[in-house]
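Next comes model09.cif, with mmCIF, C-alpha atoms.
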```
data_my_file
#
loop_
_atom_site.label_atom_id
_atom_site.label_comp_id
_atom_site.auth_asym_id
_atom_site.auth_seq_id
_atom_site.Cartn_x
_atom_site.Cartn_y
_atom_site.Cartn_z
CA MET V 1 -43.69 7.24 -2.53
CA SER V 2 -43.11 10.82 -3.57
CA GLY V 3 -43.36 13.96 -1.46
CA THR V 4 -46.23 15.43 -3.46
CA GLY V 5 -48.93 14.66 -0.91
CA LYS V 6 -49.89 11.40 -2.60
CA THR V 7 -49.47 8.18 -0.68
CA ALA V 8 -49.15 4.51 -1.49
CA TYR V 9 -51.48 3.73 1.41
CA ASN V 10 -55.27 3.89 1.29
CA ARG V 11 -56.04 2.55 4.79
CA VAL V 12 -53.68 2.49 7.77
CA MET V 13 -53.63 1.76 11.49
CA LEU V 14 -52.02 4.35 13.77
CA LYS V 15 -50.90 2.86 17.09
CA ILE V 16 -49.79 5.21 19.84
CA SER V 17 -49.11 4.68 23.51
CA GLY V 18 -51.18 6.22 26.25
CA GLU V 19 -47.99 7.91 27.45
CA ALA V 20 -47.93 9.90 24.19
CA LEU V 21 -50.98 11.82 25.49
CA MET V 22 -49.29 12.86 28.74
CA GLY V 23 -47.08 15.58 27.29
CA ASP V 24 -44.53 16.54 29.95
CA GLN V 25 -46.79 15.42 32.77
CA GLY V 26 -46.13 12.21 34.64
CA PHE V 27 -49.72 11.01 34.49
CA GLY V 28 -53.06 11.49 32.78
CA LEU V 29 -54.04 13.55 29.74
CA HIS V 30 -52.43 16.78 28.55
CA PRO V 31 -55.12 18.44 26.36
CA PRO V 32 -52.66 20.51 24.22
CA THR V 33 -50.74 17.30 23.42
CA VAL V 34 -53.94 15.46 22.52
CA GLU V 35 -54.86 18.37 20.23
CA ARG V 36 -51.40 18.36 18.60
CA ILE V 37 -51.68 14.64 17.80
CA ALA V 38 -55.22 15.19 16.47
CA ARG V 39 -53.84 17.82 14.07
CA GLU V 40 -51.20 15.31 12.92
CA VAL V 41 -53.99 12.84 12.18
CA GLN V 42 -55.96 15.59 10.42
CA THR V 43 -53.12 16.23 7.94
CA VAL V 44 -53.19 12.55 6.89
CA HIS V 45 -56.99 12.44 6.82
CA GLU V 46 -56.89 15.38 4.38
CA MET V 47 -54.79 13.22 2.03
CA GLY V 48 -57.80 10.91 1.68
CA VAL V 49 -56.25 8.10 3.73
CA GLU V 50 -58.68 5.97 5.78
CA ILE V 51 -57.44 5.90 9.38
CA CYS V 52 -57.87 3.41 12.21
CA MET V 53 -56.40 4.18 15.62
CA VAL V 54 -55.54 2.24 18.76
CA ILE V 55 -54.32 4.15 21.82
CA GLY V 56 -52.78 2.47 24.87
CA GLY V 57 -53.83 3.23 28.44
CA GLY V 58 -50.51 3.45 30.26
CA ASN V 59 -50.94 7.14 31.08
CA ILE V 60 -53.90 6.24 33.31
CA PHE V 61 -53.50 2.61 34.35
CA ARG V 62 -51.16 -0.17 33.28
CA GLY V 63 -52.50 -3.68 33.86
CA LEU V 64 -49.11 -5.34 34.26
CA GLN V 65 -48.08 -2.76 36.86
CA GLY V 66 -51.26 -3.33 38.85
CA SER V 67 -50.71 -7.05 38.63
CA ALA V 68 -47.15 -6.66 39.91
CA GLN V 69 -48.49 -4.82 42.96
CA GLY V 70 -50.66 -7.76 43.97
CA MET V 71 -53.85 -7.07 42.04
CA GLU V 72 -55.39 -10.05 40.28
CA ARG V 73 -54.12 -9.97 36.67
CA THR V 74 -57.45 -10.18 34.84
CA THR V 75 -58.94 -7.39 36.98
CA ALA V 76 -55.87 -5.22 36.37
CA ASP V 77 -56.07 -5.84 32.63
CA TYR V 78 -59.76 -4.91 32.48
CA MET V 79 -58.94 -1.67 34.32
CA GLY V 80 -56.27 -1.01 31.68
CA MET V 81 -58.86 -1.56 28.95
CA LEU V 82 -61.13 1.05 30.55
CA ALA V 83 -58.20 3.49 30.53
CA THR V 84 -57.90 3.05 26.75
CA VAL V 85 -61.59 3.98 26.39
CA MET V 86 -60.96 7.24 28.27
CA ASN V 87 -58.04 8.05 25.94
CA ALA V 88 -60.12 7.17 22.88
CA LEU V 89 -62.91 9.52 23.98
CA ALA V 90 -60.37 12.32 24.53
CA MET V 91 -58.95 11.81 21.04
CA GLN V 92 -62.45 11.65 19.53
CA SER V 93 -63.27 14.99 21.16
CA ALA V 94 -60.08 16.57 19.78
CA LEU V 95 -60.69 15.21 16.26
CA GLU V 96 -64.32 16.28 16.17
CA ALA V 97 -63.25 19.78 17.25
CA LEU V 98 -61.38 19.75 13.91
CA ASN V 99 -64.63 18.72 12.14
CA ILE V 100 -63.48 15.14 11.51
CA HIS V 101 -66.20 12.53 12.01
CA THR V 102 -64.86 9.96 14.46
CA ARG V 103 -66.22 6.77 15.99
CA VAL V 104 -65.01 5.13 19.19
CA ILE V 105 -65.54 1.38 18.88
CA SER V 106 -65.13 -0.63 22.07
CA ALA V 107 -64.36 -4.33 22.46
CA ILE V 108 -66.21 -4.13 25.81
CA THR V 109 -69.87 -3.19 25.46
CA MET V 110 -70.63 0.27 26.83
CA ASN V 111 -73.37 1.59 24.57
CA GLU V 112 -73.66 4.98 26.24
CA VAL V 113 -70.15 6.08 25.26
CA ALA V 114 -68.98 3.87 22.37
CA GLU V 115 -70.18 1.57 19.61
CA PRO V 116 -69.72 -2.17 20.04
CA TYR V 117 -67.18 -3.76 17.71
CA ILE V 118 -68.96 -5.02 14.59
CA ARG V 119 -66.46 -5.50 11.79
CA ARG V 120 -68.70 -4.70 8.83
CA ARG V 121 -70.01 -1.54 10.50
CA ALA V 122 -66.45 -0.40 11.25
CA VAL V 123 -65.43 -0.99 7.62
CA ARG V 124 -68.40 1.09 6.50
CA HIS V 125 -67.30 3.96 8.75
CA LEU V 126 -63.86 3.86 7.14
CA GLU V 127 -65.36 3.85 3.65
CA LYS V 128 -67.26 7.00 4.64
CA LYS V 129 -63.90 8.56 5.66
CA ARG V 130 -64.70 8.48 9.36
CA ILE V 131 -61.80 7.81 11.72
CA CYS V 132 -62.30 4.67 13.80
CA ILE V 133 -60.66 4.54 17.23
CA PHE V 134 -60.67 0.97 18.54
CA ALA V 135 -60.78 0.95 22.34
CA ALA V 136 -60.65 -1.63 25.17
CA GLY V 137 -57.94 -3.70 23.47
CA THR V 138 -59.14 -7.06 22.22
CA GLY V 139 -61.66 -7.26 25.06
CA ASN V 140 -59.59 -10.02 26.65
CA PRO V 141 -57.03 -9.94 29.48
CA TYR V 142 -53.43 -11.01 28.81
CA PHE V 143 -53.37 -9.19 25.44
CA THR V 144 -51.73 -5.81 24.94
CA THR V 145 -52.96 -2.88 22.86
CA ASP V 146 -50.09 -3.69 20.45
CA THR V 147 -51.76 -7.02 19.77
CA ALA V 148 -55.17 -5.30 19.57
CA ALA V 149 -53.81 -2.86 16.98
CA THR V 150 -52.40 -5.69 14.88
CA LEU V 151 -55.61 -7.70 15.15
CA ARG V 152 -57.85 -4.77 14.18
CA ALA V 153 -55.48 -3.73 11.39
CA SER V 154 -55.74 -7.25 9.96
CA GLU V 155 -59.53 -7.34 10.30
CA MET V 156 -59.91 -3.90 8.71
CA SER V 157 -57.58 -4.83 5.80
CA CYS V 158 -55.16 -2.02 6.67
CA GLU V 159 -52.08 -1.87 4.47
CA ALA V 160 -49.68 -1.02 7.30
CA ILE V 161 -49.43 -0.29 11.01
CA PHE V 162 -47.85 3.06 11.85
CA LYS V 163 -46.31 2.92 15.32
CA GLY V 164 -45.81 6.45 16.65
CA THR V 165 -43.00 6.59 19.23
CA LYS V 166 -40.50 9.06 20.67
CA VAL V 167 -37.73 8.01 18.24
CA ASP V 168 -37.65 8.10 14.44
CA GLY V 169 -37.32 4.38 13.86
CA VAL V 170 -35.83 1.15 15.18
CA TYR V 171 -32.22 1.26 16.37
CA ASP V 172 -29.73 -1.49 17.16
CA LYS V 173 -29.46 0.01 20.68
CA ASP V 174 -31.07 2.81 22.67
CA PRO V 175 -30.21 6.09 20.84
CA ALA V 176 -30.85 8.06 24.05
CA LYS V 177 -27.99 6.19 25.75
CA HIS V 178 -25.64 5.41 22.85
CA ASP V 179 -24.34 8.02 20.40
CA ASP V 180 -23.26 5.27 17.99
CA ALA V 181 -26.75 3.72 17.74
CA THR V 182 -27.64 2.86 14.14
CA ARG V 183 -31.15 3.19 12.71
CA TYR V 184 -32.45 0.44 10.46
CA GLU V 185 -34.20 1.43 7.22
CA THR V 186 -35.88 -1.98 7.12
CA ILE V 187 -35.70 -4.98 9.42
CA THR V 188 -37.47 -8.35 9.40
CA TYR V 189 -40.02 -9.54 11.92
CA ASP V 190 -37.68 -12.39 12.89
CA GLU V 191 -34.78 -9.99 13.52
CA VAL V 192 -36.97 -7.83 15.77
CA LEU V 193 -37.96 -10.91 17.78
CA ALA V 194 -34.45 -12.39 17.91
CA GLN V 195 -32.84 -9.11 19.01
CA HIS V 196 -35.63 -8.22 21.49
CA LEU V 197 -35.83 -4.72 19.96
CA GLY V 198 -39.10 -3.85 21.69
CA VAL V 199 -40.95 -2.51 18.65
CA MET V 200 -44.12 -4.27 19.80
CA ASP V 201 -44.67 -7.31 21.99
CA ALA V 202 -43.91 -10.73 20.53
CA SER V 203 -47.57 -11.69 19.99
CA ALA V 204 -48.19 -8.55 17.91
CA ILE V 205 -45.04 -9.08 15.83
CA ALA V 206 -45.96 -12.71 15.18
CA LEU V 207 -49.52 -11.75 14.15
CA ALA V 208 -48.21 -9.04 11.82
CA ARG V 209 -45.78 -11.54 10.26
CA GLU V 210 -48.54 -14.11 9.70
CA ASN V 211 -50.65 -11.50 7.91
CA ALA V 212 -47.73 -9.87 6.01
CA LEU V 213 -48.61 -6.54 7.65
CA PRO V 214 -45.71 -4.04 7.59
CA ILE V 215 -45.02 -2.04 10.77
CA VAL V 216 -43.68 1.47 10.18
CA VAL V 217 -41.99 2.97 13.26
CA PHE V 218 -41.66 6.76 13.29
CA SER V 219 -41.47 9.69 15.71
CA LEU V 220 -44.78 11.18 16.74
CA ASP V 221 -42.90 14.06 18.42
CA ASP V 222 -41.79 15.53 15.08
CA GLU V 223 -44.35 17.99 13.73
CA GLY V 224 -45.67 16.71 10.41
CA GLY V 225 -44.10 13.33 11.12
CA PHE V 226 -47.14 11.17 10.37
CA ARG V 227 -47.87 12.89 7.05
CA GLY V 228 -44.16 12.94 6.23
CA ILE V 229 -43.90 9.17 6.51
CA LEU V 230 -46.95 8.70 4.32
CA ASP V 231 -45.77 11.03 1.55
CA GLY V 232 -42.23 9.63 1.61
CA SER V 233 -40.37 12.62 3.05
CA GLY V 234 -39.96 11.43 6.66
CA THR V 235 -37.59 9.16 8.56
CA SER V 236 -38.76 5.75 9.77
CA THR V 237 -38.03 2.05 9.97
CA THR V 238 -40.21 -0.54 8.25
CA VAL V 239 -40.56 -4.02 9.77
CA ARG V 240 -41.44 -6.59 7.14
CA ASP V 241 -40.33 -9.99 5.78
#
```
What does the file become when written as C-alpha cells?
Amino acid sequence: MSGTGKTAYNRVMLKISGEALMGDQGFGLHPPTVERIAREVQTVHEMGVEICMVIGGGNIFRGLQGSAQGMERTTADYMGMLATVMNALAMQSALEALNIHTRVISAITMNEVAEPYIRRRAVRHLEKKRICIFAAGTGNPYFTTDTAATLRASEMSCEAIFKGTKVDGVYDKDPAKHDDATRYETITYDEVLAQHLGVMDASAIALARENALPIVVFSLDDEGGFRGILDGSGTSTTVRD
C-alpha cells in the first residue's frame, strides 16, 4: 500500500471498545471524543472504503463485571448488549452530523431505534456507501463484541478487521510497563493464542483464523491513525496465518 490515499481494502470492519468513547472520564460518553473518532472514520469513508463498525459497551455496562457481582450472567450480558446500542446511536449521531449516511443494525429487535439484522440489506447499505454500525453483539449471551465484530466482518465479506486500541500494535509485553517491549509487524493467530496477548478473545481469534480474516491492530488515539493504516503510512501489527 502506498501513502497516496489509495488503499488495498475496499470493505473493512472497525472494532473499537466502549471505553474508547469515554475520553478522560471514568464512565459514559464523552461527546468530543465521539466526534473525534467520527472524523477519523470520515477520512477513511472519503477514500471510498466501505465501513462496518462494532463498538463495545464497557463504558456503560460490562456483562462479565455484573456477573461477577452476583447478577445472573445472561441478564448481565443482555444489559451489556443494550449498552452497545447506546454507543452505536451516539456514533451514528456524530457521523450524520458530518453528512455521512449511517445505519445502526441491531441483533436484538428494537425497530424504533435500529434496523434488525438482515444480511442482504446490510450489504446493500455498504454498497451504497452507508456506514453500518452493528449493535447488540451477536444477540446471544456469552459472546463478546470482539466475536460479534469477527462474525459480522465474515458475513459482510470484509477484507480485514481494524482493531482500534490505545497502543500502535501488538507487543510481546505491556509497553506501558516495560520500556523494552517489542512491537510485532506481523504475528500469527496461533502465536496470539499461545502467548495470551489479549488482542481479542480466543473465540474471535479462532473465528478470524477459520475465515482467513486479518486483524490489524493500531492506535485510535493517534490523529489520522485509521487513515494512515489504510494508506500504508501508519504503524500497526497484522495478525494473520
Chain and number of each residue from the PyMOL selection byres ((chain V and resi 216) around 7), as a PDB file with C-alpha atoms, in the coordinates of the input:
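Result file follows (part-v3.pdb):
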```pdb
ATOM      1  CA  ILE V 161     -49.430  -0.290  11.010  1.00  0.00           C
ATOM      2  CA  PHE V 162     -47.850   3.060  11.850  1.00  0.00           C
ATOM      3  CA  LYS V 163     -46.310   2.920  15.320  1.00  0.00           C
ATOM      4  CA  PRO V 214     -45.710  -4.040   7.590  1.00  0.00           C
ATOM      5  CA  ILE V 215     -45.020  -2.040  10.770  1.00  0.00           C
ATOM      6  CA  VAL V 217     -41.990   2.970  13.260  1.00  0.00           C
ATOM      7  CA  PHE V 218     -41.660   6.760  13.290  1.00  0.00           C
ATOM      8  CA  SER V 236     -38.760   5.750   9.770  1.00  0.00           C
ATOM      9  CA  THR V 237     -38.030   2.050   9.970  1.00  0.00           C
ATOM     10  CA  THR V 238     -40.210  -0.540   8.250  1.00  0.00           C
ATOM     11  CA  VAL V 239     -40.560  -4.020   9.770  1.00  0.00           C
TER      12      VAL V 239
END
```
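Here the PyMOL selection byres ((chain V and resi 146) around 8) captures the residues Lys15, Thr144, Thr145, Thr147, Ala148, Ala149, Thr150, Met200, Asp201 and Ala204 of chain V.
Counting all atoms listed in the file and comparing V:Asp190, V:Glu185, V:Tyr142, V:Glu112, the residue that lies closest to Gly234 of chain V is V:Glu185.
Coordinates place atom CA of Ser157 of chain V at a distance of 14.3 Å from atom CA of Phe134 of chain V.
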Hits from the PyMOL selection byres ((chain V and resi 48) around 10), listed as a PyMOL selection string = chain V and resi 5-7+9-11+43-47+49-51+129
Option closest in space to Gly58 of chain V, from V:Glu223, V:Asp77, V:Glu40, V:Glu72 [counting only C-alpha atoms] = V:Asp77
Test item: residues at most 12 Å from Val123 of chain V, only C-alpha atoms, excluding those fewer than 2 positions along its chain, as a PyMOL selection string | chain V and resi 11+50-52+103+105+117-121+125-132+152-158
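Taking atom CA of Ala114 of chain V as the reference point, atom CA of Ala97 of chain V is found at 17.7 Å.
Across V:Met110, V:Asn59, V:Asp231, V:Glu115, the tightest approach to Asp24 of chain V is made by V:Asn59 when counting all atoms listed in the file.
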Please return as a CSV table (one decimal) with C-alpha atoms, in the coordinates of the input every residue within 12 Å of (-54.8, 2.2, 36.6), taking into account only C-alpha atoms and the file's own coordinates.
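Below you can see result28.csv, which holds the result:
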```csv
chain,number,residue,atom,x,y,z
V,18,GLY,CA,-51.2,6.2,26.2
V,27,PHE,CA,-49.7,11.0,34.5
V,28,GLY,CA,-53.1,11.5,32.8
V,56,GLY,CA,-52.8,2.5,24.9
V,57,GLY,CA,-53.8,3.2,28.4
V,58,GLY,CA,-50.5,3.4,30.3
V,59,ASN,CA,-50.9,7.1,31.1
V,60,ILE,CA,-53.9,6.2,33.3
V,61,PHE,CA,-53.5,2.6,34.4
V,62,ARG,CA,-51.2,-0.2,33.3
V,63,GLY,CA,-52.5,-3.7,33.9
V,64,LEU,CA,-49.1,-5.3,34.3
V,65,GLN,CA,-48.1,-2.8,36.9
V,66,GLY,CA,-51.3,-3.3,38.8
V,67,SER,CA,-50.7,-7.0,38.6
V,69,GLN,CA,-48.5,-4.8,43.0
V,71,MET,CA,-53.8,-7.1,42.0
V,75,THR,CA,-58.9,-7.4,37.0
V,76,ALA,CA,-55.9,-5.2,36.4
V,77,ASP,CA,-56.1,-5.8,32.6
V,78,TYR,CA,-59.8,-4.9,32.5
V,79,MET,CA,-58.9,-1.7,34.3
V,80,GLY,CA,-56.3,-1.0,31.7
V,81,MET,CA,-58.9,-1.6,29.0
V,82,LEU,CA,-61.1,1.0,30.6
V,83,ALA,CA,-58.2,3.5,30.5
V,84,THR,CA,-57.9,3.0,26.8
V,86,MET,CA,-61.0,7.2,28.3
```
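Residue nearest Tyr189 of chain V, chosen from V:Ala8, V:Ala38, V:Ala206, V:Ala176 and counting only C-alpha atoms: V:Ala206.
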Please provide the set of residues having any atom within 8 Å of segment 196-199 of chain V, restricted to all atoms listed in the file, with same-chain residues fewer than 5 positions apart removed, written as an MDAnalysis selection string.
-> chainID V and resid 170:173 217
